[in-house]
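Structure record follows, encoded as structure tokens.
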Amino acid sequence: MDEIQETLRWNEDVARKLAEIEREIADSPDPTDLFEHLMLRMETAFGIPFVWLSLVRTPQADALRSTLAVSALLGDRLNLIDGDAFAALLDGRTEPLLVNGDLRSFYRLLPPAKKFLFRSLALVPFTLDGTVVGSLNHGDPSPQRYHPDLATDLLAQLGARVSARLGALSSKAVPLPASP
């Protein structure tokens with residue numbers, strides 16, 4: 001019974017922290033602030049050793065990549081990946097994926113400037129205009145941190161909130177004038 005109560009308390013704490021982060025990112029004025037704040041808060045709130053972004057090489061993600069790459073924080077925590085390779089890693093899923101065990105294929109998600117030995121990984125896909133354009137990645141050296149048996153409902157909700165905010169921000173963006 002104590003174990004069940006401890007698990008319930010732990011789940012409530014996770015839900016509370018994620019809800020707080022979701023409220024904070026709802027006011028992000030631009031994509032850079034959104035992802036900087038999200039990554040830093042996930043690291044500190046949950047003690048995640050390495051958090052980074054992967055963006056799929058698509059037209060939807062190109063402008064986002066250009067915007068995020070100039071950030072001192074995000075620039076070296078940003079990875080670009082081919083769409084087919086990304087889809088293969090997610091196995092066609094659009095919901096969060098938790099993996100441990102043989103992670104060699106997932107190392108292609110790491111940014112070129114940052115190498116981190118992780119033994120478990122949480123990928124939280126996000127969309128722009130209904131298309132998966134990337135993922136927020138959480139790596140941990142412990143194989144027990146993220147494993148396929150854990151529920152991903154709260155991470156899916158986070159991914160949906162990030163996607164919604166990113167969509168709202170992109171709809172407000174003013175297109176750049178065409179070059180002469």
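Ordering of the structure tokens sets the chain letters (A, B, ...), residue numbers begin anew at 1 in every chain, and ligands are numbered from 1 in the order given.
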
Next on the checklist: Just want the 9 Å neighbourhood of Pro143 in chain A, counted on only C-alpha atoms, with same-chain residues fewer than 4 positions away dropped. Output as an MDAnalysis selection string.
Outcome noted: chainID A and resid 99:101 118:121 147

Write out the residues from the selection above, keeping N, CA and C atoms, as a tab-separated table (two decimals), in the first residue's frame.
chain	number	residue	atom	x	y	z
A	99	VAL	N	12.74	4.79	-24.75
A	99	VAL	CA	13.57	3.67	-25.17
A	99	VAL	C	14.76	3.50	-24.23
A	100	ASN	N	15.19	2.27	-24.11
A	100	ASN	CA	16.44	1.93	-23.44
A	100	ASN	C	16.94	0.65	-24.11
A	101	GLY	N	18.06	0.16	-23.69
A	101	GLY	CA	18.61	-1.03	-24.35
A	101	GLY	C	19.55	-0.61	-25.45
A	118	PHE	N	23.97	8.33	-23.42
A	118	PHE	CA	22.71	8.05	-22.73
A	118	PHE	C	22.37	6.58	-22.88
A	119	ARG	N	21.71	6.05	-21.85
A	119	ARG	CA	21.30	4.66	-21.86
A	119	ARG	C	19.79	4.52	-21.82
A	120	SER	N	19.11	5.67	-21.72
A	120	SER	CA	17.66	5.70	-21.91
A	120	SER	C	17.32	7.07	-22.46
A	121	LEU	N	16.21	7.11	-23.17
A	121	LEU	CA	15.85	8.30	-23.93
A	121	LEU	C	14.34	8.46	-24.00
A	147	HIS	N	11.86	3.91	-19.88
A	147	HIS	CA	11.72	2.59	-20.47
A	147	HIS	C	10.31	2.45	-21.02

Next on the checklist: Which of range 1-158 of chain A end up as strand (DSSP E or B) when DSSP is run on this backbone - answer as a PyMOL selection string?
Outcome noted: chain A and resi 50-56+78-81+97-100+120-128+131-140

Would you write out those residues with N, CA and C atoms, as a short mmCIF file (atom, residue, chain, number, x, y, z; two decimals), in the first residue's frame?
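Generated output (selection02.cif):
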data_model
loop_
_atom_site.label_atom_id
_atom_site.label_comp_id
_atom_site.auth_asym_id
_atom_site.auth_seq_id
_atom_site.Cartn_x
_atom_site.Cartn_y
_atom_site.Cartn_z
N PHE A 50 20.60 15.70 -19.85
CA PHE A 50 20.82 16.27 -21.17
C PHE A 50 19.49 16.38 -21.92
N VAL A 51 19.14 17.61 -22.30
CA VAL A 51 17.92 17.89 -23.05
C VAL A 51 18.34 18.63 -24.32
N TRP A 52 17.82 18.19 -25.46
CA TRP A 52 18.15 18.84 -26.72
C TRP A 52 17.00 18.69 -27.70
N LEU A 53 17.13 19.37 -28.84
CA LEU A 53 16.10 19.35 -29.87
C LEU A 53 16.62 18.67 -31.13
N SER A 54 15.76 17.94 -31.77
CA SER A 54 16.02 17.43 -33.12
C SER A 54 14.97 18.05 -34.03
N LEU A 55 15.41 18.53 -35.18
CA LEU A 55 14.50 19.05 -36.18
C LEU A 55 14.64 18.23 -37.45
N VAL A 56 13.51 17.89 -38.04
CA VAL A 56 13.47 17.14 -39.28
C VAL A 56 13.75 18.12 -40.42
N LEU A 78 21.05 21.56 -30.91
CA LEU A 78 20.12 21.40 -32.02
C LEU A 78 20.70 20.41 -33.02
N ASN A 79 19.90 19.45 -33.39
CA ASN A 79 20.30 18.43 -34.33
C ASN A 79 19.34 18.45 -35.51
N LEU A 80 19.88 18.29 -36.71
CA LEU A 80 19.05 18.15 -37.91
C LEU A 80 19.11 16.69 -38.34
N ILE A 81 17.96 16.17 -38.73
CA ILE A 81 17.89 14.77 -39.13
C ILE A 81 16.98 14.63 -40.34
N LEU A 97 8.04 8.60 -27.32
CA LEU A 97 8.67 7.29 -27.36
C LEU A 97 9.71 7.22 -26.24
N LEU A 98 9.65 6.17 -25.45
CA LEU A 98 10.62 5.92 -24.39
C LEU A 98 11.41 4.68 -24.77
N VAL A 99 12.74 4.79 -24.75
CA VAL A 99 13.57 3.67 -25.17
C VAL A 99 14.76 3.50 -24.23
N ASN A 100 15.19 2.27 -24.11
CA ASN A 100 16.44 1.93 -23.44
C ASN A 100 16.94 0.65 -24.11
N SER A 120 19.11 5.67 -21.72
CA SER A 120 17.66 5.70 -21.91
C SER A 120 17.32 7.07 -22.46
N LEU A 121 16.21 7.11 -23.17
CA LEU A 121 15.85 8.30 -23.93
C LEU A 121 14.34 8.46 -24.00
N ALA A 122 13.90 9.71 -23.85
CA ALA A 122 12.50 10.06 -24.09
C ALA A 122 12.46 11.04 -25.25
N LEU A 123 11.71 10.72 -26.28
CA LEU A 123 11.52 11.61 -27.43
C LEU A 123 10.09 12.12 -27.39
N VAL A 124 9.93 13.43 -27.44
CA VAL A 124 8.60 14.03 -27.42
C VAL A 124 8.43 14.78 -28.75
N PRO A 125 7.76 14.17 -29.73
CA PRO A 125 7.59 14.84 -31.01
C PRO A 125 6.71 16.08 -30.89
N PHE A 126 7.00 17.07 -31.74
CA PHE A 126 6.14 18.25 -31.83
C PHE A 126 5.88 18.54 -33.29
N THR A 127 4.76 19.22 -33.54
CA THR A 127 4.31 19.47 -34.90
C THR A 127 4.24 20.96 -35.20
N LEU A 128 4.20 21.25 -36.47
CA LEU A 128 3.94 22.59 -36.97
C LEU A 128 3.02 22.41 -38.16
N THR A 131 2.29 18.76 -39.14
CA THR A 131 3.39 17.90 -39.57
C THR A 131 4.42 17.80 -38.46
N VAL A 132 4.86 16.58 -38.16
CA VAL A 132 5.92 16.42 -37.16
C VAL A 132 7.18 17.05 -37.73
N VAL A 133 7.72 18.04 -37.00
CA VAL A 133 8.91 18.75 -37.46
C VAL A 133 10.10 18.54 -36.53
N GLY A 134 9.89 17.85 -35.42
CA GLY A 134 11.02 17.62 -34.53
C GLY A 134 10.61 16.95 -33.24
N SER A 135 11.59 16.89 -32.34
CA SER A 135 11.33 16.30 -31.03
C SER A 135 12.17 16.98 -29.97
N LEU A 136 11.60 17.03 -28.79
CA LEU A 136 12.32 17.42 -27.59
C LEU A 136 12.84 16.11 -27.01
N ASN A 137 14.15 16.02 -26.81
CA ASN A 137 14.77 14.77 -26.40
C ASN A 137 15.34 14.90 -24.99
N HIS A 138 15.15 13.85 -24.20
CA HIS A 138 15.66 13.79 -22.84
C HIS A 138 16.53 12.54 -22.74
N GLY A 139 17.82 12.74 -22.46
CA GLY A 139 18.72 11.60 -22.34
C GLY A 139 19.20 11.43 -20.91
N ASP A 140 19.38 10.17 -20.52
CA ASP A 140 19.85 9.89 -19.18
C ASP A 140 20.81 8.70 -19.23
#

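When only C-alpha atoms are used to measure the gap to Lys114 in chain A, the shortest distance among A:Glu43, A:Asp76, A:Asp84, A:Glu95 belongs to A:Asp76.
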
Next on the checklist: DSSP on the backbone: which residues in range 107-162 of chain A end up as helix (DSSP H, G or I)? Give the answer as a ChimeraX atom specification.
Outcome noted: /A:107-109,153-162

Can you list every residue of range 44-66 of chain A that has an atom at most 12 Å from range 161-168 of chain A, with its nearest atom pair and the distance in Å to one decimal, using only C-alpha atoms, ordered by chain then number, as a tab-separated table?
residue	atom	partner	partner_atom	distance
A:Gln60	CA	A:Gly167	CA	10.9
A:Ala61	CA	A:Leu166	CA	11.1
A:Leu64	CA	A:Leu166	CA	9.5

Writing out the chosen residues with N, CA and C atoms as a short mmCIF file (atom, residue, chain, number, x, y, z; two decimals), in the first residue's frame:
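Below is the file out14.cif, written as the result:
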data_model
loop_
_atom_site.label_atom_id
_atom_site.label_comp_id
_atom_site.auth_asym_id
_atom_site.auth_seq_id
_atom_site.Cartn_x
_atom_site.Cartn_y
_atom_site.Cartn_z
N GLN A 60 8.91 23.12 -43.46
CA GLN A 60 8.29 23.70 -42.27
C GLN A 60 9.33 23.97 -41.18
N ALA A 61 10.33 23.11 -41.07
CA ALA A 61 11.31 23.25 -40.01
C ALA A 61 12.48 24.16 -40.37
N LEU A 64 12.30 27.57 -38.72
CA LEU A 64 12.44 27.35 -37.29
C LEU A 64 13.91 27.10 -36.94
#

Checklist outcome for this item: Using only C-alpha atoms, the best pick from A:Asp30, A:Phe46, A:Met39, A:Arg77 as closest to Arg16 in chain A would be A:Phe46

Checklist entry - Can you list, as a ChimeraX atom specification, every protein, DNA or RNA residue that comes within 12 Å of Ala19 in chain A when you count only C-alpha atoms, leaving out same-chain residues fewer than 6 positions away? => result /A:12-13,25-26,38,41-42,45,154-155,157-158,161

Next on the checklist: Show me, as JSON, numbers by chain, the residues that have an atom within 9 Å of Glu36 in chain A when counting only C-alpha atoms, minus same-chain residues fewer than 6 positions from it.
Outcome noted: {"A": [71, 73, 74]}

Next, dump the selected residues to file, keeping only N, CA and C atoms, as a PDB file, in the first residue's frame.
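Listing of selection_7.pdb after writing:
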ATOM      1  N   SER A  71      20.502  31.127 -31.204  1.00  0.00           N
ATOM      2  CA  SER A  71      20.482  31.142 -29.740  1.00  0.00           C
ATOM      3  C   SER A  71      21.748  30.478 -29.204  1.00  0.00           C
ATOM      4  N   LEU A  73      22.117  29.137 -26.320  1.00  0.00           N
ATOM      5  CA  LEU A  73      21.723  27.903 -25.637  1.00  0.00           C
ATOM      6  C   LEU A  73      21.321  26.815 -26.629  1.00  0.00           C
ATOM      7  N   LEU A  74      20.513  27.185 -27.606  1.00  0.00           N
ATOM      8  CA  LEU A  74      19.948  26.188 -28.510  1.00  0.00           C
ATOM      9  C   LEU A  74      20.891  25.797 -29.640  1.00  0.00           C
TER      10      LEU A  74
END
